[in-house]
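Structure record follows, encoded as structure tokens.
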Amino acid sequence: MSYQPHLRKLRKLKRSKPSQTENDVAQALFQLELTHKTLRECLPRFHVNTAKEFENPATGKKGVLVFYPLRFLMLVRKVQKTLVSELEKRFSGRSVFLVAQRKIVKRPKDVYKLQDVQRSRTATAVNENILGDLIFPADVVGRRWRFRTDGSRVMKIYLDA
């Protein structure tokens with residue numbers, strides 16, 4: 001196997017073989033690191049964990065979800081608009097979303113051990129933070145839950161402009 005320098009932008013668990021989407025994202029990040037004027041300073045120490053491609057069944061639009069380590073959160077927030085726009089140019093016709101990789105800790109059965117679970121590792125906190133990553137330049141200013149008669153719930157989120 002020949003040396004592929006773009007794969008240093010992708011660090012998967014257990015060194016498994018990257019998928020085609022992950023390979024494309026790693027190659028795009030590597031090219032941006034070499035050529036882009038403003039991203040050149042930030043991208044050398046940045047890498048991604050995984051990338052997944054998805055399709056919205058209602059609209060048929062495709063997108064790429066890129067997971068990066070949580071320790072790069074502030075670095076990504078600085079350059080997220082530029083990075084997302086450049087990646088969307090590379091992946092024409094697909095939306096690109098950057099989400100920090102977070103871990104959910106299983107809720108313990110023992111009530112006394114419940115105090116040991118960090119708030120940032122609970123399912124509620126992780127899901128709220130993922131939502132914050134997806135809508136990053138905007139902030140959530142209100143939430144409304146609508147409970148339907150069949151038991152399902154719909155959450156409406158109001159964003160600032």
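In the structure tokens, chains take the letters A, B, ... in the order shown, each chain's residues start at 1, and ligands count up from 1 in the order shown.
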Proximity check segment 2-89 of chain A to segment 118-140 of chain A, 12 Å, nearest pairs one decimal Å, only C-alpha atoms, as CSV:
residue,atom,partner,partner_atom,distance
A:Val64,CA,A:Leu134,CA,11.8
A:Leu65,CA,A:Leu134,CA,9.5
A:Val66,CA,A:Leu134,CA,10.7
A:Phe67,CA,A:Ile130,CA,10.4
A:Tyr68,CA,A:Asp133,CA,11.2
A:Leu70,CA,A:Asn129,CA,10.9
A:Leu73,CA,A:Asp133,CA,9.1
A:Met74,CA,A:Asp133,CA,11.2
A:Val76,CA,A:Asp133,CA,10.1
A:Arg77,CA,A:Phe136,CA,7.8
A:Lys78,CA,A:Pro137,CA,10.3
A:Val79,CA,A:Pro137,CA,10.9
A:Gln80,CA,A:Phe136,CA,8.4
A:Lys81,CA,A:Pro137,CA,8.0
A:Thr82,CA,A:Pro137,CA,11.7
A:Val84,CA,A:Phe136,CA,11.2
Expected file contents, prior selection, C-alpha atoms, as a PDB file, in the first residue's frame:
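For reference, out18.pdb as written:
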ATOM      1  CA  VAL A  64     -22.338  14.744   4.879  1.00  0.00           C
ATOM      2  CA  LEU A  65     -22.032  14.595   8.660  1.00  0.00           C
ATOM      3  CA  VAL A  66     -18.426  15.011   9.841  1.00  0.00           C
ATOM      4  CA  PHE A  67     -17.517  14.083  13.418  1.00  0.00           C
ATOM      5  CA  TYR A  68     -14.401  15.624  14.971  1.00  0.00           C
ATOM      6  CA  LEU A  70     -14.452  17.446  21.188  1.00  0.00           C
ATOM      7  CA  LEU A  73     -14.569  22.532  19.432  1.00  0.00           C
ATOM      8  CA  MET A  74     -13.258  26.082  19.906  1.00  0.00           C
ATOM      9  CA  VAL A  76     -13.736  24.651  14.666  1.00  0.00           C
ATOM     10  CA  ARG A  77     -16.076  27.368  15.931  1.00  0.00           C
ATOM     11  CA  LYS A  78     -13.568  30.023  14.823  1.00  0.00           C
ATOM     12  CA  VAL A  79     -13.442  28.794  11.231  1.00  0.00           C
ATOM     13  CA  GLN A  80     -16.707  26.866  10.885  1.00  0.00           C
ATOM     14  CA  LYS A  81     -18.381  29.165   8.353  1.00  0.00           C
ATOM     15  CA  THR A  82     -15.342  29.157   6.087  1.00  0.00           C
ATOM     16  CA  VAL A  84     -18.271  24.414   5.830  1.00  0.00           C
TER      17      VAL A  84
END
Q: Pick out each residue of segment 24-156 of chain A that DSSP on the backbone tags as helix (DSSP H, G or I); I need them as an MDAnalysis selection string.
A: chainID A and resid 24:35 43:45 70:90 112:116 119:121 123:134
Please identify every residue of segment 79-106 of chain A that has at least one atom no farther than 12 Å from an atom of segment 44-54 of chain A, counting only C-alpha atoms, and for each give the shortest atom pair and the distance in Å to one decimal, arranged by chain then increasing number, as a tab-separated table.
residue	atom	partner	partner_atom	distance
A:Val79	CA	A:Phe46	CA	11.5
A:Leu83	CA	A:Phe46	CA	11.7
A:Phe91	CA	A:Glu53	CA	11.0
A:Arg94	CA	A:Glu53	CA	9.1
A:Ser95	CA	A:Glu53	CA	9.8
A:Val96	CA	A:Glu53	CA	9.3
A:Phe97	CA	A:Ala51	CA	9.7
A:Leu98	CA	A:Ala51	CA	9.3
A:Val99	CA	A:Val48	CA	9.9
A:Ala100	CA	A:Val48	CA	9.2
A:Gln101	CA	A:Asn49	CA	7.7
A:Arg102	CA	A:Asn49	CA	11.2
So that I can check the surroundings of Arg8 of chain A, please list as a short mmCIF file (atom, residue, chain, number, x, y, z; two decimals) with N, CA, C and O atoms, in the first residue's frame every protein, DNA and RNA residue that reaches within 9 Å of it, counting only C-alpha atoms and ignoring chain neighbours fewer than 4 positions away.
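Final output, saved to around-v2.cif:
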data_model
loop_
_atom_site.label_atom_id
_atom_site.label_comp_id
_atom_site.auth_asym_id
_atom_site.auth_seq_id
_atom_site.Cartn_x
_atom_site.Cartn_y
_atom_site.Cartn_z
N GLN A 4 -0.36 7.57 1.73
CA GLN A 4 -1.41 8.53 1.39
C GLN A 4 -1.43 9.61 2.46
O GLN A 4 -1.96 9.38 3.55
N ALA A 26 -11.27 13.46 4.13
CA ALA A 26 -9.87 13.61 4.51
C ALA A 26 -9.06 14.26 3.39
O ALA A 26 -8.22 15.13 3.64
N PHE A 30 -7.18 17.90 3.55
CA PHE A 30 -5.76 17.98 3.24
C PHE A 30 -5.50 19.03 2.16
O PHE A 30 -4.56 19.82 2.26
N HIS A 47 -8.08 17.14 12.87
CA HIS A 47 -8.41 15.90 12.18
C HIS A 47 -9.85 15.51 12.52
O HIS A 47 -10.45 16.05 13.44
#
Q: Quote the spacing between atom CA of Lys103 of chain A and atom CA of Pro69 of chain A in Å to one decimal place.
A: 10.6 Å
Q: Based on DSSP run over this structure's backbone, return all residues of chain A in strand (DSSP E), as a count of residues only.
A: 37
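Atom pair atom CA of Leu87 of chain A / atom CA of Ala28 of chain A has a distance of 7.0 Å (rounded to one decimal).
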Q | Residue with smallest distance to Cys42 of chain A - pool A:Glu22, A:Lys12, A:Leu29, A:Ala58, counting only C-alpha atoms | A | A:Leu29
Q) Hey, what's within 8 Å of segment 152-159 of chain A if we count only C-alpha atoms and toss same-chain stuff fewer than 5 positions away? As a PyMOL selection string, please? A) chain A and resi 138-147
Kindly save the residues from that selection, with all heavy atoms included, as a PDB file, in the first residue's frame.
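Saved to selection-v1.pdb:
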ATOM      1  N   ALA A 138     -26.167  30.315  14.755  1.00  0.00           N
ATOM      2  CA  ALA A 138     -27.363  30.802  15.446  1.00  0.00           C
ATOM      3  C   ALA A 138     -27.419  30.214  16.857  1.00  0.00           C
ATOM      4  O   ALA A 138     -26.731  29.248  17.172  1.00  0.00           O
ATOM      5  CB  ALA A 138     -28.607  30.395  14.671  1.00  0.00           C
ATOM      6  N   ASP A 139     -28.247  30.815  17.703  1.00  0.00           N
ATOM      7  CA  ASP A 139     -28.464  30.315  19.060  1.00  0.00           C
ATOM      8  C   ASP A 139     -29.930  29.985  19.251  1.00  0.00           C
ATOM      9  O   ASP A 139     -30.801  30.604  18.635  1.00  0.00           O
ATOM     10  CB  ASP A 139     -28.058  31.367  20.099  1.00  0.00           C
ATOM     11  CG  ASP A 139     -26.556  31.541  20.163  1.00  0.00           C
ATOM     12  OD1 ASP A 139     -25.839  30.542  20.015  1.00  0.00           O
ATOM     13  OD2 ASP A 139     -26.108  32.686  20.371  1.00  0.00           O
ATOM     14  N   VAL A 140     -30.198  29.033  20.138  1.00  0.00           N
ATOM     15  CA  VAL A 140     -31.574  28.688  20.466  1.00  0.00           C
ATOM     16  C   VAL A 140     -32.101  29.711  21.460  1.00  0.00           C
ATOM     17  O   VAL A 140     -31.493  29.937  22.505  1.00  0.00           O
ATOM     18  CB  VAL A 140     -31.652  27.267  21.078  1.00  0.00           C
ATOM     19  CG1 VAL A 140     -33.062  26.944  21.520  1.00  0.00           C
ATOM     20  CG2 VAL A 140     -31.147  26.232  20.097  1.00  0.00           C
ATOM     21  N   VAL A 141     -33.227  30.357  21.133  1.00  0.00           N
ATOM     22  CA  VAL A 141     -33.820  31.338  22.045  1.00  0.00           C
ATOM     23  C   VAL A 141     -35.124  30.831  22.647  1.00  0.00           C
ATOM     24  O   VAL A 141     -35.626  31.416  23.600  1.00  0.00           O
ATOM     25  CB  VAL A 141     -34.056  32.701  21.359  1.00  0.00           C
ATOM     26  CG1 VAL A 141     -32.739  33.341  21.012  1.00  0.00           C
ATOM     27  CG2 VAL A 141     -34.926  32.557  20.146  1.00  0.00           C
ATOM     28  N   GLY A 142     -35.672  29.748  22.121  1.00  0.00           N
ATOM     29  CA  GLY A 142     -36.891  29.196  22.685  1.00  0.00           C
ATOM     30  C   GLY A 142     -37.151  27.787  22.199  1.00  0.00           C
ATOM     31  O   GLY A 142     -36.721  27.403  21.113  1.00  0.00           O
ATOM     32  N   ARG A 143     -37.844  27.022  23.040  1.00  0.00           N
ATOM     33  CA  ARG A 143     -38.221  25.646  22.691  1.00  0.00           C
ATOM     34  C   ARG A 143     -39.667  25.432  23.057  1.00  0.00           C
ATOM     35  O   ARG A 143     -40.121  25.871  24.111  1.00  0.00           O
ATOM     36  CB  ARG A 143     -37.389  24.621  23.458  1.00  0.00           C
ATOM     37  CG  ARG A 143     -35.942  24.625  23.152  1.00  0.00           C
ATOM     38  CD  ARG A 143     -35.232  23.690  24.126  1.00  0.00           C
ATOM     39  NE  ARG A 143     -33.809  23.942  24.101  1.00  0.00           N
ATOM     40  CZ  ARG A 143     -32.935  23.161  23.494  1.00  0.00           C
ATOM     41  NH1 ARG A 143     -33.335  22.088  22.886  1.00  0.00           N
ATOM     42  NH2 ARG A 143     -31.662  23.458  23.505  1.00  0.00           N
ATOM     43  N   ARG A 144     -40.382  24.745  22.214  1.00  0.00           N
ATOM     44  CA  ARG A 144     -41.769  24.386  22.493  1.00  0.00           C
ATOM     45  C   ARG A 144     -41.959  22.925  22.155  1.00  0.00           C
ATOM     46  O   ARG A 144     -41.611  22.474  21.065  1.00  0.00           O
ATOM     47  CB  ARG A 144     -42.745  25.227  21.645  1.00  0.00           C
ATOM     48  CG  ARG A 144     -42.665  26.708  21.878  1.00  0.00           C
ATOM     49  CD  ARG A 144     -43.192  27.078  23.259  1.00  0.00           C
ATOM     50  NE  ARG A 144     -43.154  28.507  23.463  1.00  0.00           N
ATOM     51  CZ  ARG A 144     -42.158  29.155  24.040  1.00  0.00           C
ATOM     52  NH1 ARG A 144     -41.091  28.513  24.447  1.00  0.00           N
ATOM     53  NH2 ARG A 144     -42.217  30.453  24.222  1.00  0.00           N
ATOM     54  N   TRP A 145     -42.509  22.189  23.115  1.00  0.00           N
ATOM     55  CA  TRP A 145     -42.812  20.783  22.901  1.00  0.00           C
ATOM     56  C   TRP A 145     -44.289  20.659  22.571  1.00  0.00           C
ATOM     57  O   TRP A 145     -45.138  21.249  23.230  1.00  0.00           O
ATOM     58  CB  TRP A 145     -42.521  19.966  24.153  1.00  0.00           C
ATOM     59  CG  TRP A 145     -41.062  19.812  24.406  1.00  0.00           C
ATOM     60  CD1 TRP A 145     -40.271  20.597  25.180  1.00  0.00           C
ATOM     61  CD2 TRP A 145     -40.220  18.808  23.872  1.00  0.00           C
ATOM     62  NE1 TRP A 145     -38.987  20.147  25.167  1.00  0.00           N
ATOM     63  CE2 TRP A 145     -38.921  19.040  24.365  1.00  0.00           C
ATOM     64  CE3 TRP A 145     -40.428  17.736  23.013  1.00  0.00           C
ATOM     65  CZ2 TRP A 145     -37.848  18.237  24.033  1.00  0.00           C
ATOM     66  CZ3 TRP A 145     -39.361  16.941  22.689  1.00  0.00           C
ATOM     67  CH2 TRP A 145     -38.086  17.194  23.198  1.00  0.00           C
ATOM     68  N   ARG A 146     -44.574  19.871  21.558  1.00  0.00           N
ATOM     69  CA  ARG A 146     -45.964  19.591  21.202  1.00  0.00           C
ATOM     70  C   ARG A 146     -46.170  18.095  21.344  1.00  0.00           C
ATOM     71  O   ARG A 146     -45.488  17.294  20.691  1.00  0.00           O
ATOM     72  CB  ARG A 146     -46.228  20.030  19.768  1.00  0.00           C
ATOM     73  CG  ARG A 146     -47.643  19.822  19.360  1.00  0.00           C
ATOM     74  CD  ARG A 146     -47.880  20.399  17.978  1.00  0.00           C
ATOM     75  NE  ARG A 146     -49.221  20.067  17.554  1.00  0.00           N
ATOM     76  CZ  ARG A 146     -49.603  19.986  16.312  1.00  0.00           C
ATOM     77  NH1 ARG A 146     -48.734  20.228  15.349  1.00  0.00           N
ATOM     78  NH2 ARG A 146     -50.830  19.686  16.009  1.00  0.00           N
ATOM     79  N   PHE A 147     -47.095  17.723  22.206  1.00  0.00           N
ATOM     80  CA  PHE A 147     -47.384  16.317  22.444  1.00  0.00           C
ATOM     81  C   PHE A 147     -48.626  15.946  21.650  1.00  0.00           C
ATOM     82  O   PHE A 147     -49.688  16.533  21.843  1.00  0.00           O
ATOM     83  CB  PHE A 147     -47.608  16.060  23.940  1.00  0.00           C
ATOM     84  CG  PHE A 147     -46.378  16.302  24.757  1.00  0.00           C
ATOM     85  CD1 PHE A 147     -46.135  17.548  25.305  1.00  0.00           C
ATOM     86  CD2 PHE A 147     -45.457  15.299  24.962  1.00  0.00           C
ATOM     87  CE1 PHE A 147     -45.005  17.788  26.055  1.00  0.00           C
ATOM     88  CE2 PHE A 147     -44.319  15.528  25.701  1.00  0.00           C
ATOM     89  CZ  PHE A 147     -44.089  16.772  26.248  1.00  0.00           C
TER      90      PHE A 147
END
